[in-house]
Every structure is written in C-alpha cells, then in structure tokens.
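Take a look at the structure below.
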Amino acid sequence: QVQLVESGGGLAQAGDSLRLSCLASGRTSTVFAMGWFRQAPGKEREVVAAISRSGVNLYYPGSVSGRFTISRDNAKNTVYLQMSGLKPEDTAIYYCAAANSGGTNSIYSLPNAFTFWGQGTQVTVSS
C-alpha cells in the first residue's frame, strides 16, 4: 500500500501562486506515474497535471497549461504542483494520485489509471 498526503492548499486571490505538495509513504518503490487532479462541486474529477516516474514525461490539459507546473523528487517521495496565475475557476479540492503499474516513462491522464489517492486539499481562489 501507498499513502499520499497533500499539503499547501488554502485561500488565494486571482493572480496569486500556490504550491501543493504530496508526500508518499509506504511501498513507494511501487509508485510509477503520479498526477494531480481536482474536483469542483458538481463537476467530475479532472486531471490538472501528470508526471512519469522518470520526470521526463509531463502532461497538462489546456486549462492549466502555462500556469501549472508539476515536478517530483523521488528521493523525498514527494510530488509538487506549482500553480501560478490562479483563477477563480481553479477553485476545487486538489487530489494527489499515484499509479502502481507501467514503466519509468509511462504517464496517464485518466483517474482510473491511478491506484492510490490522497484525501485532498482545498484550494479557493477569490476574484
């Protein structure tokens, strides 16, 4: 099993920056691709960033491309999401997710590709 704990959420104003962190523990040797997802009230969970185990392959949807940056430090078992230029529509609960299959360069964008999930951290952006 792998446990994921997110931190760094909170209140922000439009245009501000926030950095989320996700610390993995447990059988971290089984973690491959990781991702950040978000879910706003009444909406489906959506990916905002994903990164391969090697860190070489990255994925961003158009809604956050150029504003969000995902990175990971495998030595610290931590993945980060740097968010800049925040908008009110970025308000959501943000979840960290980890996949336990694939290769070192594999990357996924769909929730069902990820096995382990954190509890989420709230990000609220006011206008």
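Labeling convention for the structure tokens: chains A, B, ... as they appear, residues from 1 per chain, ligands from 1 in order of appearance.
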
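With only C-alpha atoms taken into account, the protein and nucleic acid residues at most 12 Å from Ser7 of chain A (excluding it and anything under 3 positions from it in its own chain) are Leu4, Gly10, Leu18, Arg19, Leu20, Ser21, Cys22, Leu23, Ala24, Thr78, Val79, Tyr80, Leu81, Ile93, Tyr94, Tyr95, Cys96, Gly118, Gln119, Gly120, Thr121, Gln122 and Val123 of chain A.
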
**Request:** Extract, using only C-alpha atoms, all DNA, RNA and protein residues at most 10 Å from Gly26 of chain A, discarding same-chain residues fewer than 2 positions from it, and format them as a ChimeraX atom specification.
**Result:** /A:1-4,24,28-31,77

**Message:** Just the number, please: distance in Å from atom CA of Ser84 of chain A to atom CA of Ala33 of chain A, one decimal.
**Reply:**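 Spanning atom CA of Ser84 of chain A to atom CA of Ala33 of chain A is a straight-line distance of 22.9 Å.
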
**Asked** Looking at only C-alpha atoms, which of A:Arg67, A:Lys87, A:Arg72, A:Arg27 is the one that sits closest to Ala50 of chain A?
**Response**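 Closest to Ala50 of chain A of all the choices is A:Arg72.
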
**Prompt:** Which parts of segment 40-117 of chain A does DSSP call strand (DSSP E or B) when run on the backbone here, written out as a count of residues only?
**Reply:** 29

**Asked** What gap, in Å, lies between atom CA of Tyr60 of chain A and atom CA of Ala40 of chain A?
**Response**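 Separation between atom CA of Tyr60 of chain A and atom CA of Ala40 of chain A: 17.7 Å.
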
**Request:** Name all residues at most 10 Å from Ser101 of chain A (count only C-alpha atoms; drop same-chain ones fewer than 3 positions away) and give them as a list in words.
**Result:**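 What passes the distance filter is Thr30, Val31, Phe32, Ala33, Ala98, Thr104, Ser106, Ala113, Phe114 and Thr115 of chain A.
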
**Asked** What is the distance between atom CA of Leu58 of chain A and atom CA of Ser126 of chain A, in Å to one decimal?
**Response** 28.2 Å

**Selection near Thr124 of chain A, 10 Å with only C-alpha atoms, sequence-local residues under 3 positions removed, as a PyMOL selection string** = chain A and resi 9-14+86-93+121

Expected file contents, prior selection, N, CA and C atoms, as a PDB file, in the first residue's frame:
```pdb
ATOM      1  N   GLY A   9      -2.628  23.654   0.275  1.00  0.00           N
ATOM      2  CA  GLY A   9      -3.820  24.340  -0.204  1.00  0.00           C
ATOM      3  C   GLY A   9      -4.176  25.515   0.677  1.00  0.00           C
ATOM      4  N   GLY A  10      -5.199  26.246   0.278  1.00  0.00           N
ATOM      5  CA  GLY A  10      -5.643  27.381   1.082  1.00  0.00           C
ATOM      6  C   GLY A  10      -6.374  28.397   0.247  1.00  0.00           C
ATOM      7  N   LEU A  11      -6.420  29.617   0.775  1.00  0.00           N
ATOM      8  CA  LEU A  11      -7.095  30.718   0.109  1.00  0.00           C
ATOM      9  C   LEU A  11      -6.099  31.535  -0.697  1.00  0.00           C
ATOM     10  N   ALA A  12      -6.526  31.965  -1.856  1.00  0.00           N
ATOM     11  CA  ALA A  12      -5.685  32.792  -2.711  1.00  0.00           C
ATOM     12  C   ALA A  12      -6.571  33.770  -3.460  1.00  0.00           C
ATOM     13  N   GLN A  13      -5.948  34.811  -3.931  1.00  0.00           N
ATOM     14  CA  GLN A  13      -6.649  35.759  -4.784  1.00  0.00           C
ATOM     15  C   GLN A  13      -6.265  35.499  -6.234  1.00  0.00           C
ATOM     16  N   ALA A  14      -7.106  35.924  -7.125  1.00  0.00           N
ATOM     17  CA  ALA A  14      -6.822  35.756  -8.546  1.00  0.00           C
ATOM     18  C   ALA A  14      -5.451  36.358  -8.867  1.00  0.00           C
ATOM     19  N   LEU A  86      -3.426  32.055 -10.686  1.00  0.00           N
ATOM     20  CA  LEU A  86      -4.656  31.368 -10.285  1.00  0.00           C
ATOM     21  C   LEU A  86      -5.896  32.159 -10.668  1.00  0.00           C
ATOM     22  N   LYS A  87      -6.925  31.410 -11.008  1.00  0.00           N
ATOM     23  CA  LYS A  87      -8.204  31.978 -11.410  1.00  0.00           C
ATOM     24  C   LYS A  87      -9.294  31.425 -10.500  1.00  0.00           C
ATOM     25  N   PRO A  88     -10.401  32.152 -10.371  1.00  0.00           N
ATOM     26  CA  PRO A  88     -11.498  31.624  -9.549  1.00  0.00           C
ATOM     27  C   PRO A  88     -11.945  30.233  -9.988  1.00  0.00           C
ATOM     28  N   GLU A  89     -11.872  29.955 -11.272  1.00  0.00           N
ATOM     29  CA  GLU A  89     -12.284  28.634 -11.763  1.00  0.00           C
ATOM     30  C   GLU A  89     -11.308  27.522 -11.387  1.00  0.00           C
ATOM     31  N   ASP A  90     -10.197  27.870 -10.778  1.00  0.00           N
ATOM     32  CA  ASP A  90      -9.284  26.851 -10.259  1.00  0.00           C
ATOM     33  C   ASP A  90      -9.719  26.364  -8.872  1.00  0.00           C
ATOM     34  N   THR A  91     -10.734  26.979  -8.327  1.00  0.00           N
ATOM     35  CA  THR A  91     -11.237  26.570  -7.018  1.00  0.00           C
ATOM     36  C   THR A  91     -11.751  25.138  -7.070  1.00  0.00           C
ATOM     37  N   ALA A  92     -11.219  24.307  -6.198  1.00  0.00           N
ATOM     38  CA  ALA A  92     -11.583  22.891  -6.179  1.00  0.00           C
ATOM     39  C   ALA A  92     -10.828  22.205  -5.052  1.00  0.00           C
ATOM     40  N   ILE A  93     -11.170  20.964  -4.822  1.00  0.00           N
ATOM     41  CA  ILE A  93     -10.342  20.110  -3.975  1.00  0.00           C
ATOM     42  C   ILE A  93      -9.313  19.460  -4.897  1.00  0.00           C
ATOM     43  N   THR A 121      -6.795  18.437  -0.810  1.00  0.00           N
ATOM     44  CA  THR A 121      -6.577  19.712  -0.135  1.00  0.00           C
ATOM     45  C   THR A 121      -7.368  20.780  -0.885  1.00  0.00           C
TER      46      THR A 121
END
```

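Within the 12 Å cut-off around Pro61 of chain A, using only C-alpha atoms and omitting residues fewer than 2 positions from it on the same chain, the listed residues are Gly35, Trp36, Phe37, Glu46, Val47, Val48, Ala49, Ala50, Leu58, Tyr59, Ser63, Val64, Ser65, Gly66, Arg67, Phe68, Thr69, Tyr108, Ser109 and Leu110 of chain A.
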
With all heavy atoms retained, export the selected residues as a short mmCIF file (atom, residue, chain, number, x, y, z; two decimals), in the first residue's frame.
```
data_model
loop_
_atom_site.label_atom_id
_atom_site.label_comp_id
_atom_site.auth_asym_id
_atom_site.auth_seq_id
_atom_site.Cartn_x
_atom_site.Cartn_y
_atom_site.Cartn_z
N GLY A 35 0.04 11.99 -10.42
CA GLY A 35 -0.75 13.04 -11.01
C GLY A 35 -1.45 13.88 -9.97
O GLY A 35 -1.57 13.50 -8.80
N TRP A 36 -1.86 15.04 -10.40
CA TRP A 36 -2.72 15.92 -9.62
C TRP A 36 -4.06 16.04 -10.32
O TRP A 36 -4.09 16.28 -11.55
CB TRP A 36 -2.10 17.30 -9.46
CG TRP A 36 -0.96 17.36 -8.49
CD1 TRP A 36 0.37 17.30 -8.77
CD2 TRP A 36 -1.06 17.51 -7.07
NE1 TRP A 36 1.11 17.39 -7.62
CE2 TRP A 36 0.25 17.53 -6.57
CE3 TRP A 36 -2.13 17.64 -6.18
CZ2 TRP A 36 0.53 17.67 -5.21
CZ3 TRP A 36 -1.86 17.78 -4.84
CH2 TRP A 36 -0.55 17.79 -4.35
N PHE A 37 -5.11 15.87 -9.57
CA PHE A 37 -6.47 16.01 -10.08
C PHE A 37 -7.20 17.04 -9.24
O PHE A 37 -6.77 17.37 -8.13
CB PHE A 37 -7.21 14.67 -10.00
CG PHE A 37 -6.71 13.63 -10.97
CD1 PHE A 37 -5.52 12.97 -10.73
CD2 PHE A 37 -7.43 13.32 -12.12
CE1 PHE A 37 -5.05 12.01 -11.63
CE2 PHE A 37 -6.97 12.37 -13.02
CZ PHE A 37 -5.78 11.72 -12.76
N GLU A 46 -11.02 15.91 -12.61
CA GLU A 46 -10.25 16.10 -13.83
C GLU A 46 -8.77 16.22 -13.51
O GLU A 46 -8.38 16.73 -12.46
CB GLU A 46 -10.71 17.37 -14.56
CG GLU A 46 -10.52 18.65 -13.78
CD GLU A 46 -10.89 19.90 -14.57
OE1 GLU A 46 -11.22 19.80 -15.76
OE2 GLU A 46 -10.81 21.00 -14.00
N VAL A 47 -7.97 15.78 -14.45
CA VAL A 47 -6.52 15.87 -14.28
C VAL A 47 -6.07 17.31 -14.51
O VAL A 47 -6.61 18.01 -15.37
CB VAL A 47 -5.80 14.91 -15.24
CG1 VAL A 47 -6.01 15.34 -16.69
CG2 VAL A 47 -4.33 14.81 -14.91
N VAL A 48 -5.12 17.75 -13.73
CA VAL A 48 -4.50 19.05 -13.97
C VAL A 48 -3.02 18.92 -14.30
O VAL A 48 -2.42 19.83 -14.85
CB VAL A 48 -4.69 20.03 -12.80
CG1 VAL A 48 -6.16 20.39 -12.62
CG2 VAL A 48 -4.10 19.47 -11.50
N ALA A 49 -2.43 17.78 -13.95
CA ALA A 49 -1.02 17.56 -14.28
C ALA A 49 -0.66 16.12 -13.99
O ALA A 49 -1.22 15.51 -13.09
CB ALA A 49 -0.11 18.49 -13.50
N ALA A 50 0.27 15.59 -14.76
CA ALA A 50 0.76 14.24 -14.51
C ALA A 50 2.23 14.19 -14.87
O ALA A 50 2.71 14.96 -15.72
CB ALA A 50 -0.02 13.22 -15.32
N LEU A 58 5.63 14.76 -19.08
CA LEU A 58 4.69 15.60 -18.34
C LEU A 58 3.42 15.74 -19.16
O LEU A 58 3.44 15.69 -20.40
CB LEU A 58 5.28 16.98 -18.08
CG LEU A 58 6.66 17.05 -17.43
CD1 LEU A 58 7.13 18.50 -17.36
CD2 LEU A 58 6.65 16.43 -16.05
N TYR A 59 2.32 15.95 -18.46
CA TYR A 59 1.04 16.19 -19.14
C TYR A 59 0.28 17.30 -18.43
O TYR A 59 0.20 17.31 -17.19
CB TYR A 59 0.19 14.93 -19.17
CG TYR A 59 -1.21 15.19 -19.69
CD1 TYR A 59 -1.44 15.26 -21.06
CD2 TYR A 59 -2.27 15.44 -18.82
CE1 TYR A 59 -2.72 15.54 -21.54
CE2 TYR A 59 -3.54 15.72 -19.30
CZ TYR A 59 -3.75 15.77 -20.66
OH TYR A 59 -5.00 16.05 -21.14
N SER A 63 -6.46 23.78 -19.94
CA SER A 63 -6.97 24.73 -18.95
C SER A 63 -5.91 25.25 -18.00
O SER A 63 -6.07 26.32 -17.39
CB SER A 63 -8.11 24.09 -18.16
OG SER A 63 -7.65 22.90 -17.52
N VAL A 64 -4.82 24.51 -17.83
CA VAL A 64 -3.79 24.92 -16.88
C VAL A 64 -2.41 25.04 -17.53
O VAL A 64 -1.46 25.49 -16.88
CB VAL A 64 -3.69 23.96 -15.68
CG1 VAL A 64 -5.05 23.79 -15.02
CG2 VAL A 64 -3.11 22.62 -16.09
N SER A 65 -2.30 24.65 -18.77
CA SER A 65 -1.00 24.70 -19.44
C SER A 65 -0.43 26.11 -19.43
O SER A 65 -1.14 27.08 -19.72
CB SER A 65 -1.17 24.21 -20.88
OG SER A 65 0.08 24.21 -21.55
N GLY A 66 0.83 26.20 -19.03
CA GLY A 66 1.47 27.50 -18.94
C GLY A 66 1.31 28.16 -17.59
O GLY A 66 2.00 29.14 -17.29
N ARG A 67 0.41 27.63 -16.75
CA ARG A 67 0.20 28.21 -15.41
C ARG A 67 0.62 27.25 -14.31
O ARG A 67 1.08 27.67 -13.25
CB ARG A 67 -1.27 28.58 -15.22
CG ARG A 67 -1.79 29.62 -16.20
CD ARG A 67 -3.18 30.10 -15.80
NE ARG A 67 -4.17 29.04 -15.81
CZ ARG A 67 -4.89 28.69 -14.74
NH1 ARG A 67 -4.72 29.32 -13.58
NH2 ARG A 67 -5.79 27.73 -14.84
N PHE A 68 0.43 25.96 -14.53
CA PHE A 68 0.75 24.95 -13.52
C PHE A 68 1.98 24.18 -13.95
O PHE A 68 2.21 23.93 -15.13
CB PHE A 68 -0.40 23.96 -13.35
CG PHE A 68 -1.63 24.53 -12.70
CD1 PHE A 68 -1.80 25.88 -12.48
CD2 PHE A 68 -2.64 23.67 -12.27
CE1 PHE A 68 -2.93 26.39 -11.87
CE2 PHE A 68 -3.79 24.15 -11.65
CZ PHE A 68 -3.92 25.52 -11.46
N THR A 69 2.79 23.80 -12.96
CA THR A 69 3.99 23.01 -13.22
C THR A 69 4.06 21.88 -12.21
O THR A 69 4.02 22.13 -10.99
CB THR A 69 5.26 23.87 -13.11
OG1 THR A 69 5.18 24.96 -14.04
CG2 THR A 69 6.49 23.04 -13.42
N TYR A 108 -0.10 8.96 -17.39
CA TYR A 108 -1.53 8.76 -17.56
C TYR A 108 -2.28 10.04 -17.23
O TYR A 108 -1.78 10.86 -16.47
CB TYR A 108 -2.02 7.64 -16.64
CG TYR A 108 -1.18 6.39 -16.70
CD1 TYR A 108 -0.32 6.06 -15.66
CD2 TYR A 108 -1.23 5.55 -17.81
CE1 TYR A 108 0.47 4.93 -15.71
CE2 TYR A 108 -0.44 4.41 -17.86
CZ TYR A 108 0.41 4.10 -16.81
OH TYR A 108 1.20 2.98 -16.88
N SER A 109 -3.47 10.16 -17.79
CA SER A 109 -4.28 11.34 -17.52
C SER A 109 -5.68 11.00 -17.03
O SER A 109 -6.43 11.91 -16.68
CB SER A 109 -4.38 12.21 -18.78
OG SER A 109 -5.02 11.50 -19.82
N LEU A 110 -6.03 9.73 -17.01
CA LEU A 110 -7.37 9.34 -16.58
C LEU A 110 -7.35 8.85 -15.14
O LEU A 110 -6.43 8.13 -14.75
CB LEU A 110 -7.93 8.26 -17.49
CG LEU A 110 -8.13 8.66 -18.95
CD1 LEU A 110 -8.64 7.48 -19.76
CD2 LEU A 110 -9.09 9.83 -19.06
#
```

**Message:** DSSP on the backbone, helix (DSSP H, G or I) only: what residues of chain A does that give? Format it as a PyMOL selection string.
**Reply:** chain A and resi 28-30+74-76+88-90+111-113
